[in-house]
$ cat query-v4.pdb   # PDB, C-alpha atoms
ATOM      1  CA  MET I   1      75.054  22.480 -37.835
ATOM      2  CA  ALA I   2      73.043  23.073 -34.667
ATOM      3  CA  ASP I   3      74.546  25.319 -32.030
ATOM      4  CA  LYS I   4      72.172  24.265 -29.284
ATOM      5  CA  VAL I   5      70.456  21.149 -28.011
ATOM      6  CA  CYS I   6      66.883  21.049 -26.751
ATOM      7  CA  LEU I   7      66.707  19.270 -23.395
ATOM      8  CA  GLN I   8      63.330  17.571 -23.164
ATOM      9  CA  PRO I   9      62.663  15.928 -19.796
ATOM     10  CA  CYS I  10      59.869  13.523 -18.945
ATOM     11  CA  LEU I  11      58.542  15.663 -16.023
ATOM     12  CA  GLY I  12      56.980  12.719 -14.259
ATOM     13  CA  LEU I  13      56.430  12.355 -10.533
ATOM     14  CA  ARG I  14      58.860   9.632  -9.512
ATOM     15  CA  LYS I  15      62.243  10.231  -7.914
ATOM     16  CA  GLU I  16      64.111   9.599 -11.157
ATOM     17  CA  ALA I  17      62.075  12.342 -12.812
ATOM     18  CA  VAL I  18      62.890  14.786 -10.022
ATOM     19  CA  LEU I  19      66.567  13.858 -10.285
ATOM     20  CA  GLY I  20      66.466  14.422 -14.046
ATOM     21  CA  ARG I  21      64.626  17.712 -13.728
ATOM     22  CA  GLN I  22      67.102  19.091 -11.209
ATOM     23  CA  ALA I  23      70.038  17.884 -13.280
ATOM     24  CA  LEU I  24      68.648  19.689 -16.317
ATOM     25  CA  TYR I  25      68.478  22.960 -14.413
ATOM     26  CA  VAL I  26      72.155  22.479 -13.595
ATOM     27  CA  VAL I  27      73.022  21.692 -17.231
ATOM     28  CA  HIS I  28      71.000  24.582 -18.609
ATOM     29  CA  GLU I  29      71.819  27.230 -16.011
ATOM     30  CA  ASP I  30      75.347  26.311 -14.901
ATOM     31  CA  LEU I  31      77.176  23.970 -17.254
ATOM     32  CA  LEU I  32      76.014  24.727 -20.798
ATOM     33  CA  PRO I  33      73.754  27.787 -20.747
ATOM     34  CA  ASP I  34      74.665  28.877 -24.271
ATOM     35  CA  GLN I  35      74.422  25.423 -25.796
ATOM     36  CA  THR I  36      71.054  24.314 -24.446
ATOM     37  CA  VAL I  37      67.406  25.256 -24.328
ATOM     38  CA  LEU I  38      65.011  23.753 -21.830
ATOM     39  CA  GLY I  39      61.889  22.264 -23.382
ATOM     40  CA  CYS I  40      58.715  22.090 -21.315
ATOM     41  CA  GLY I  41      56.609  18.984 -21.999
ATOM     42  CA  PRO I  42      53.128  20.305 -21.208
ATOM     43  CA  ALA I  43      53.886  23.499 -23.121
ATOM     44  CA  LEU I  44      55.047  21.477 -26.123
ATOM     45  CA  ASN I  45      51.895  19.410 -25.886
ATOM     46  CA  ALA I  46      49.840  22.622 -25.811
ATOM     47  CA  ASN I  47      51.657  23.896 -28.917
ATOM     48  CA  VAL I  48      53.289  26.848 -27.159
ATOM     49  CA  GLN I  49      55.273  28.413 -29.986
ATOM     50  CA  GLU I  50      58.570  28.648 -28.117
ATOM     51  CA  ASP I  51      58.540  24.939 -27.368
ATOM     52  CA  ILE I  52      57.506  24.016 -30.902
ATOM     53  CA  ASP I  53      60.389  26.171 -32.152
ATOM     54  CA  PHE I  54      62.829  24.418 -29.836
ATOM     55  CA  ILE I  55      62.163  20.978 -31.301
ATOM     56  CA  ASN I  56      62.124  22.319 -34.857
ATOM     57  CA  LEU I  57      65.356  24.281 -34.557
ATOM     58  CA  TYR I  58      67.514  22.044 -32.396
ATOM     59  CA  PRO I  59      68.323  18.364 -31.969
ATOM     60  CA  VAL I  60      66.368  16.985 -29.026
ATOM     61  CA  LEU I  61      67.934  15.141 -26.128
ATOM     62  CA  ALA I  62      65.041  13.397 -24.368
ATOM     63  CA  VAL I  63      65.759  12.683 -20.713
ATOM     64  CA  GLU I  64      63.504   9.930 -19.432
ATOM     65  CA  ALA I  65      62.823   8.744 -15.910
ATOM     66  CA  CYS I  66      61.669   5.270 -16.912
ATOM     67  CA  ASP I  67      61.139   2.986 -19.873
ATOM     68  CA  LEU I  68      57.779   4.539 -20.763
ATOM     69  CA  ASP I  69      59.832   7.159 -22.635
ATOM     70  CA  CYS I  70      57.077   9.779 -22.463
ATOM     71  CA  ALA I  71      59.268  12.723 -23.507
ATOM     72  CA  THR I  72      60.457  10.837 -26.591
ATOM     73  CA  LYS I  73      56.877   9.911 -27.437
ATOM     74  CA  LEU I  74      55.723  13.493 -26.952
ATOM     75  CA  VAL I  75      58.301  14.693 -29.480
ATOM     76  CA  ASP I  76      57.054  11.953 -31.850
ATOM     77  CA  LYS I  77      53.519  13.231 -31.315
ATOM     78  CA  LYS I  78      54.660  16.599 -32.661
ATOM     79  CA  GLN I  79      56.061  14.936 -35.804
ATOM     80  CA  LYS I  80      59.712  15.213 -34.809
ATOM     81  CA  GLN I  81      62.168  12.627 -33.530
ATOM     82  CA  ALA I  82      64.494  12.914 -30.565
ATOM     83  CA  ALA I  83      68.119  12.807 -31.682
ATOM     84  CA  ARG I  84      68.952  10.843 -28.559
ATOM     85  CA  THR I  85      67.123   9.412 -25.566
ATOM     86  CA  VAL I  86      68.816   8.871 -22.225
ATOM     87  CA  ARG I  87      67.221   7.329 -19.173
ATOM     88  CA  ILE I  88      67.982   8.478 -15.660
ATOM     89  CA  THR I  89      67.698   4.852 -14.535
ATOM     90  CA  ASP I  90      70.579   3.929 -16.860
ATOM     91  CA  LEU I  91      72.674   6.931 -15.811
ATOM     92  CA  ALA I  92      72.068   6.116 -12.147
ATOM     93  CA  GLU I  93      73.258   2.568 -12.706
ATOM     94  CA  GLU I  94      76.321   3.762 -14.603
ATOM     95  CA  LEU I  95      77.130   6.240 -11.833
ATOM     96  CA  HIS I  96      76.322   3.746  -9.034
ATOM     97  CA  LEU I  97      73.742   6.100  -7.543
ATOM     98  CA  ASP I  98      71.392   4.887  -4.846
ATOM     99  CA  ILE I  99      68.083   6.319  -6.027
ATOM    100  CA  GLU I 100      66.235   4.944  -2.989
ATOM    101  CA  SER I 101      68.309   7.083  -0.650
ATOM    102  CA  LEU I 102      67.314  10.324  -2.393
ATOM    103  CA  PRO I 103      64.561  12.524  -0.918
ATOM    104  CA  GLU I 104      61.049  11.965  -2.261
ATOM    105  CA  ASP I 105      59.739  15.289  -3.578
ATOM    106  CA  HIS I 106      62.707  17.560  -4.015
ATOM    107  CA  ILE I 107      66.417  16.990  -4.487
ATOM    108  CA  ASP I 108      68.725  19.928  -3.985
ATOM    109  CA  ALA I 109      70.562  20.960  -7.133
ATOM    110  CA  GLY I 110      73.803  20.791  -5.192
ATOM    111  CA  ASP I 111      73.253  17.137  -4.284
ATOM    112  CA  PRO I 112      76.149  15.013  -5.588
ATOM    113  CA  ALA I 113      73.695  12.762  -7.439
ATOM    114  CA  VAL I 114      72.204  15.751  -9.288
ATOM    115  CA  GLN I 115      75.649  17.101 -10.119
ATOM    116  CA  ALA I 116      76.869  13.722 -11.380
ATOM    117  CA  VAL I 117      73.814  13.185 -13.584
ATOM    118  CA  ALA I 118      74.113  16.754 -14.888
ATOM    119  CA  LYS I 119      77.710  16.145 -15.948
ATOM    120  CA  LYS I 120      76.685  12.978 -17.804
ATOM    121  CA  ILE I 121      73.872  14.801 -19.586
ATOM    122  CA  ALA I 122      76.252  17.623 -20.478
ATOM    123  CA  GLU I 123      78.515  15.023 -22.091
ATOM    124  CA  HIS I 124      75.588  13.832 -24.204
ATOM    125  CA  VAL I 125      74.884  17.430 -25.231
ATOM    126  CA  SER I 126      78.506  17.935 -26.259
ATOM    127  CA  GLU I 127      78.467  14.710 -28.269
ATOM    128  CA  LEU I 128      75.305  15.742 -30.073
ATOM    129  CA  LEU I 129      76.762  19.131 -30.917
ATOM    130  CA  ALA I 130      80.008  17.575 -32.106
ATOM    131  CA  SER I 131      78.173  15.090 -34.308
ATOM    132  CA  GLY I 132      76.475  17.966 -36.107
TER     133      GLY I 132
ATOM    134  CA  MET W  11      22.221  -4.044  -1.032
ATOM    135  CA  THR W  12      24.612  -1.137  -0.643
ATOM    136  CA  GLU W  13      26.244   0.450  -3.644
ATOM    137  CA  GLU W  14      30.042   0.747  -3.530
ATOM    138  CA  HIS W  15      31.464   4.153  -4.416
ATOM    139  CA  ASP W  16      35.014   5.203  -5.058
ATOM    140  CA  PHE W  17      35.141   8.911  -4.263
ATOM    141  CA  LYS W  18      38.420  10.247  -5.567
ATOM    142  CA  VAL W  19      39.637  13.197  -7.599
ATOM    143  CA  ALA W  20      42.326  12.948 -10.258
ATOM    144  CA  VAL W  21      44.682  15.896  -9.835
ATOM    145  CA  LEU W  22      46.520  17.051 -12.928
ATOM    146  CA  PRO W  23      49.262  19.588 -12.155
ATOM    147  CA  CYS W  24      50.934  20.982 -15.269
ATOM    148  CA  ASN W  25      54.313  19.935 -13.816
ATOM    149  CA  GLY W  26      56.188  22.065 -16.306
ATOM    150  CA  ILE W  27      59.844  22.983 -16.005
ATOM    151  CA  GLY W  28      60.376  26.299 -17.710
ATOM    152  CA  ARG W  29      59.071  28.762 -15.183
ATOM    153  CA  LEU W  30      59.350  29.433 -11.500
ATOM    154  CA  VAL W  31      55.668  28.634 -11.067
ATOM    155  CA  SER W  32      56.356  25.167 -12.501
ATOM    156  CA  THR W  33      58.245  24.325  -9.328
ATOM    157  CA  VAL W  34      55.456  25.765  -7.193
ATOM    158  CA  VAL W  35      52.901  23.584  -8.986
ATOM    159  CA  ARG W  36      55.040  20.454  -8.754
ATOM    160  CA  LEU W  37      55.616  20.804  -5.016
ATOM    161  CA  ALA W  38      51.958  21.677  -4.420
ATOM    162  CA  GLY W  39      50.999  18.445  -6.198
ATOM    163  CA  TYR W  40      52.987  16.324  -3.753
ATOM    164  CA  ARG W  41      51.555  18.289  -0.831
ATOM    165  CA  ILE W  42      47.991  17.740  -2.066
ATOM    166  CA  LYS W  43      48.596  13.994  -2.238
ATOM    167  CA  LYS W  44      49.918  14.037   1.326
ATOM    168  CA  MET W  45      46.939  16.068   2.556
ATOM    169  CA  ARG W  46      44.346  13.795   0.948
ATOM    170  CA  PRO W  47      46.155  10.484   0.363
ATOM    171  CA  ASP W  48      42.988   8.404   0.027
ATOM    172  CA  GLU W  49      41.042  10.834  -2.123
ATOM    173  CA  VAL W  50      43.650  11.960  -4.632
ATOM    174  CA  VAL W  51      45.122  10.259  -7.669
ATOM    175  CA  LEU W  52      48.067  12.403  -8.704
ATOM    176  CA  LEU W  53      48.516  12.378 -12.460
ATOM    177  CA  SER W  54      51.717  12.891 -14.404
ATOM    178  CA  SER W  55      51.218  15.368 -17.238
ATOM    179  CA  GLY W  56      54.030  13.651 -19.140
ATOM    180  CA  ARG W  57      52.293  10.295 -19.090
ATOM    181  CA  LEU W  58      48.897  11.730 -19.836
ATOM    182  CA  ALA W  59      50.188  13.719 -22.809
ATOM    183  CA  VAL W  60      51.103  10.435 -24.505
ATOM    184  CA  LYS W  61      47.988   8.649 -23.248
ATOM    185  CA  GLU W  62      49.725   6.127 -21.005
ATOM    186  CA  SER W  63      46.971   3.626 -20.215
ATOM    187  CA  GLU W  64      47.031   3.657 -16.396
ATOM    188  CA  HIS W  65      46.943   7.456 -16.191
ATOM    189  CA  LEU W  66      44.359   7.730 -18.933
ATOM    190  CA  ALA W  67      42.096   5.300 -17.074
ATOM    191  CA  ALA W  68      42.297   7.353 -13.867
ATOM    192  CA  PHE W  69      41.747  10.553 -15.823
ATOM    193  CA  GLU W  70      38.629   9.091 -17.405
ATOM    194  CA  LYS W  71      37.292   7.453 -14.229
ATOM    195  CA  TYR W  72      37.472  10.298 -11.731
ATOM    196  CA  PRO W  73      36.477  13.972 -11.700
ATOM    197  CA  VAL W  74      39.540  16.007 -12.588
ATOM    198  CA  LEU W  75      41.106  19.028 -10.942
ATOM    199  CA  VAL W  76      43.660  20.795 -13.115
ATOM    200  CA  ILE W  77      46.387  23.056 -11.784
ATOM    201  CA  ASP W  78      47.796  25.522 -14.292
ATOM    202  CA  GLY W  79      51.061  27.249 -13.566
ATOM    203  CA  CYS W  80      51.333  29.871 -16.270
ATOM    204  CA  ARG W  81      49.381  31.631 -18.985
ATOM    205  CA  PRO W  82      49.183  28.918 -21.652
ATOM    206  CA  HIS W  83      47.159  26.858 -19.119
ATOM    207  CA  CYS W  84      48.767  23.651 -20.363
ATOM    208  CA  ALA W  85      47.034  21.324 -17.884
ATOM    209  CA  SER W  86      43.657  22.719 -18.978
ATOM    210  CA  PHE W  87      44.715  22.256 -22.611
ATOM    211  CA  MET W  88      45.517  18.616 -21.892
ATOM    212  CA  ALA W  89      42.116  18.010 -20.309
ATOM    213  CA  ASP W  90      40.399  19.678 -23.259
ATOM    214  CA  GLU W  91      42.514  17.670 -25.699
ATOM    215  CA  LEU W  92      41.385  14.462 -23.988
ATOM    216  CA  GLY W  93      37.772  15.548 -24.138
ATOM    217  CA  LYS W  94      37.026  16.101 -20.478
ATOM    218  CA  THR W  95      35.764  19.206 -18.727
ATOM    219  CA  PRO W  96      37.562  19.535 -15.386
ATOM    220  CA  ALA W  97      35.421  19.543 -12.252
ATOM    221  CA  ALA W  98      37.685  22.290 -10.914
ATOM    222  CA  ARG W  99      40.588  24.447 -12.037
ATOM    223  CA  VAL W 100      43.202  26.233  -9.958
ATOM    224  CA  TYR W 101      45.542  28.842 -11.418
ATOM    225  CA  VAL W 102      48.678  29.880  -9.578
ATOM    226  CA  ALA W 103      48.307  33.591 -10.311
ATOM    227  CA  ASP W 104      44.832  33.615  -8.750
ATOM    228  CA  VAL W 105      46.160  32.015  -5.582
ATOM    229  CA  ALA W 106      49.123  34.406  -5.456
ATOM    230  CA  ALA W 107      46.742  37.356  -5.778
ATOM    231  CA  GLU W 108      44.226  36.041  -3.247
ATOM    232  CA  ASN W 109      46.956  35.475  -0.691
ATOM    233  CA  ARG W 110      49.073  38.470  -1.709
ATOM    234  CA  ILE W 111      52.184  36.328  -2.053
ATOM    235  CA  SER W 112      55.024  37.456  -4.292
ATOM    236  CA  ILE W 113      57.685  34.961  -5.277
ATOM    237  CA  ALA W 114      59.950  37.442  -7.035
ATOM    238  CA  GLY W 115      63.560  36.501  -6.479
ATOM    239  CA  GLU W 116      62.843  32.798  -5.989
ATOM    240  CA  LYS W 117      64.616  30.202  -8.133
ATOM    241  CA  ARG W 118      62.927  27.407 -10.070
ATOM    242  CA  ARG W 119      65.542  24.844  -9.034
ATOM    243  CA  GLY W 120      64.564  25.221  -5.388
ATOM    244  CA  LEU W 121      62.133  27.329  -3.391
ATOM    245  CA  THR W 122      62.808  29.136  -0.149
ATOM    246  CA  GLU W 123      60.202  29.840   2.531
ATOM    247  CA  LYS W 124      58.535  32.466   0.307
ATOM    248  CA  GLY W 125      58.003  30.092  -2.587
ATOM    249  CA  MET W 126      56.902  27.284  -0.302
ATOM    250  CA  LYS W 127      54.278  29.606   1.152
ATOM    251  CA  LEU W 128      52.712  29.914  -2.286
ATOM    252  CA  ALA W 129      52.967  26.143  -2.863
ATOM    253  CA  GLU W 130      51.182  25.641   0.448
ATOM    254  CA  ALA W 131      48.461  28.174  -0.414
ATOM    255  CA  LEU W 132      48.027  26.497  -3.788
ATOM    256  CA  ALA W 133      47.706  23.078  -2.143
ATOM    257  CA  ASN W 134      45.181  24.421   0.358
ATOM    258  CA  LYS W 135      43.075  25.935  -2.409
ATOM    259  CA  ALA W 136      43.234  22.692  -4.394
ATOM    260  CA  VAL W 137      42.268  20.595  -1.373
ATOM    261  CA  ALA W 138      39.258  22.839  -0.719
ATOM    262  CA  GLU W 139      38.204  22.215  -4.333
ATOM    263  CA  ILE W 140      38.793  18.474  -3.950
ATOM    264  CA  ASP W 141      36.628  18.376  -0.821
ATOM    265  CA  ARG W 142      33.908  20.298  -2.650
ATOM    266  CA  VAL W 143      34.019  17.980  -5.676
ATOM    267  CA  ILE W 144      33.876  14.858  -3.500
ATOM    268  CA  ALA W 145      31.012  16.279  -1.427
ATOM    269  CA  ASP W 146      29.151  17.028  -4.638
ATOM    270  CA  GLU W 147      29.736  13.466  -5.897
ATOM    271  CA  MET W 148      28.644  11.932  -2.609
ATOM    272  CA  LEU W 149      25.513  14.041  -2.309
ATOM    273  CA  SER W 150      24.541  13.205  -5.864
ATOM    274  CA  THR W 151      24.296   9.545  -4.880
ATOM    275  CA  LEU W 152      21.834  10.082  -2.028
TER     276      LEU W 152
END

$ encode --input "query-v4.pdb" --output "structure tokens"
Amino acid sequence: MADKVCLQPCLGLRKEAVLGRQALYVVHEDLLPDQTVLGCGPALNANVQEDIDFINLYPVLAVEACDLDCATKLVDKKQKQAARTVRITDLAEELHLDIESLPEDHIDAGDPAVQAVAKKIAEHVSELLASG
Amino acid sequence: MTEEHDFKVAVLPCNGIGRLVSTVVRLAGYRIKKMRPDEVVLLSSGRLAVKESEHLAAFEKYPVLVIDGCRPHCASFMADELGKTPAARVYVADVAAENRISIAGEKRRGLTEKGMKLAEALANKAVAEIDRVIADEMLSTL
């Protein structure tokens, strides 16, 4: 049974990607530091050993900014499958977040939208860990 | 008859997440686009890694500038993987050394003035490279 989950974000350029990225810092550094590792997409693509180890050792929670699902596809490219894929667009809808009102390039980690998305992602992590 | 040219540079920042320099690179990427809005196509490393068609087309069409944040040089790896030699490369450590900027103590979730200074220096260096690449392209058509 896995004791950690690998958080694998899309790392795109759009607002949803920035929101997801900031939320993952909150999950990894504040909410569940001992139960998560933070996977870096370009490093995984470049076969950096740490990032290859992450997807081999732990179930992967891919956090996507849009329906292109690039993080999920990147994990596929490395011959593994994400245990679960969540999209920031879906979480934003569920949480009634107004993405348009968020700043363009950087969203503070303390922003209520970041905190709310982080809590949702942390719930997904806990579910994955509980499901073994 | 005049020949139409489309002088742009595709900028590929690594846009990683794991290190402090990842945030510097990401914010520099946005700044570069703002400094040269008509000459820059900002690429997403996530999309390019899985060969998303729109990004791949821009990558193939234009000269590429890669921005690497840390030692694995993941943006350079991606360009190599896709079979293209970048027209220019910028590495954060080089810019930090050239400008004698230390970002020790900064946090990857958000930069203060010190970190933003490095992002700005990185963007300036990249824009100088972009201008050089475009000038080279333009002159080659004369």

$ interface_residues --input "query-v4.pdb" --of "chain I" --to "chain W" --cutoff "9 Å" --atoms "only C-alpha atoms" --output "ChimeraX atom specification"
/I:9-13,21-22,25-26,38-46,48,68-71,73-74,77,105-109

$ resolve_selection --input "query-v4.pdb" --expression "the PyMOL selection byres ((chain W and resi 128) around 8)" --output "mmCIF file with C-alpha atoms, in the coordinates of the input"
data_model
loop_
_atom_site.group_PDB
_atom_site.id
_atom_site.type_symbol
_atom_site.label_atom_id
_atom_site.label_comp_id
_atom_site.auth_asym_id
_atom_site.auth_seq_id
_atom_site.Cartn_x
_atom_site.Cartn_y
_atom_site.Cartn_z
ATOM 1 C CA VAL W 34 55.456 25.765 -7.193
ATOM 2 C CA VAL W 105 46.160 32.015 -5.582
ATOM 3 C CA ALA W 106 49.123 34.406 -5.456
ATOM 4 C CA ILE W 111 52.184 36.328 -2.053
ATOM 5 C CA ILE W 113 57.685 34.961 -5.277
ATOM 6 C CA LYS W 124 58.535 32.466 0.307
ATOM 7 C CA GLY W 125 58.003 30.092 -2.587
ATOM 8 C CA MET W 126 56.902 27.284 -0.302
ATOM 9 C CA LYS W 127 54.278 29.606 1.152
ATOM 10 C CA ALA W 129 52.967 26.143 -2.863
ATOM 11 C CA GLU W 130 51.182 25.641 0.448
ATOM 12 C CA ALA W 131 48.461 28.174 -0.414
ATOM 13 C CA LEU W 132 48.027 26.497 -3.788
#

$ axis_aligned_box --input "query-v4.pdb" --around "stretch 115-120 of chain W" --padding-each-side "8 Å" --output "AutoDock Vina command-line options"
--center_x 64.2 --center_y 30.7 --center_z -7.7 --size_x 18.7 --size_y 27.7 --size_z 20.7

$ atom_distance --input "query-v4.pdb" --atom1 "atom CA of W:Glu147" --atom2 "atom CA of W:Pro73"
8.9 Å

$ closest_residue --input "query-v4.pdb" --among "W:Val35, W:Asp104, W:Arg81, W:Ala20" --to "W:Leu66" --atoms "only C-alpha atoms"
W:Ala20

$ resolve_selection --input "query-v4.pdb" --expression "the PyMOL selection byres ((chain W and resi 101) around 8)" --output "ChimeraX atom specification"
/W:77-80,99-100,102-105

$ decode --input "query-v4.pdb" --residues "stretch 40-53 of chain I" --atoms "N, CA and C atoms" --output "mmCIF file, in the first residue's frame"
data_model
loop_
_atom_site.group_PDB
_atom_site.id
_atom_site.type_symbol
_atom_site.label_atom_id
_atom_site.label_comp_id
_atom_site.auth_asym_id
_atom_site.auth_seq_id
_atom_site.Cartn_x
_atom_site.Cartn_y
_atom_site.Cartn_z
ATOM 1 N N CYS I 40 7.620 16.952 -11.385
ATOM 2 C CA CYS I 40 7.887 18.055 -12.323
ATOM 3 C C CYS I 40 7.803 17.507 -13.752
ATOM 4 N N GLY I 41 6.868 18.032 -14.540
ATOM 5 C CA GLY I 41 6.632 17.519 -15.885
ATOM 6 C C GLY I 41 7.850 17.527 -16.799
ATOM 7 N N PRO I 42 8.496 18.681 -16.986
ATOM 8 C CA PRO I 42 9.659 18.680 -17.881
ATOM 9 C C PRO I 42 10.787 17.782 -17.391
ATOM 10 N N ALA I 43 10.925 17.664 -16.076
ATOM 11 C CA ALA I 43 11.960 16.768 -15.538
ATOM 12 C C ALA I 43 11.587 15.306 -15.805
ATOM 13 N N LEU I 44 10.312 14.989 -15.663
ATOM 14 C CA LEU I 44 9.871 13.625 -15.981
ATOM 15 C C LEU I 44 10.120 13.337 -17.454
ATOM 16 N N ASN I 45 9.786 14.313 -18.288
ATOM 17 C CA ASN I 45 9.995 14.130 -19.723
ATOM 18 C C ASN I 45 11.476 13.906 -20.041
ATOM 19 N N ALA I 46 12.341 14.586 -19.271
ATOM 20 C CA ALA I 46 13.788 14.478 -19.510
ATOM 21 C C ALA I 46 14.408 13.290 -18.766
ATOM 22 N N ASN I 47 13.551 12.448 -18.209
ATOM 23 C CA ASN I 47 14.006 11.233 -17.510
ATOM 24 C C ASN I 47 14.894 11.518 -16.303
ATOM 25 N N VAL I 48 14.625 12.617 -15.609
ATOM 26 C CA VAL I 48 15.329 12.882 -14.348
ATOM 27 C C VAL I 48 14.927 11.771 -13.369
ATOM 28 N N GLN I 49 15.927 11.129 -12.783
ATOM 29 C CA GLN I 49 15.666 9.905 -12.025
ATOM 30 C C GLN I 49 14.644 10.088 -10.908
ATOM 31 N N GLU I 50 14.745 11.205 -10.192
ATOM 32 C CA GLU I 50 13.810 11.441 -9.089
ATOM 33 C C GLU I 50 12.362 11.415 -9.572
ATOM 34 N N ASP I 51 12.128 12.027 -10.702
ATOM 35 C CA ASP I 51 10.758 12.110 -11.222
ATOM 36 C C ASP I 51 10.284 10.785 -11.816
ATOM 37 N N ILE I 52 11.212 10.038 -12.390
ATOM 38 C CA ILE I 52 10.871 8.679 -12.840
ATOM 39 C C ILE I 52 10.525 7.818 -11.620
ATOM 40 N N ASP I 53 11.317 7.956 -10.566
ATOM 41 C CA ASP I 53 11.050 7.192 -9.336
ATOM 42 C C ASP I 53 9.674 7.533 -8.776
#
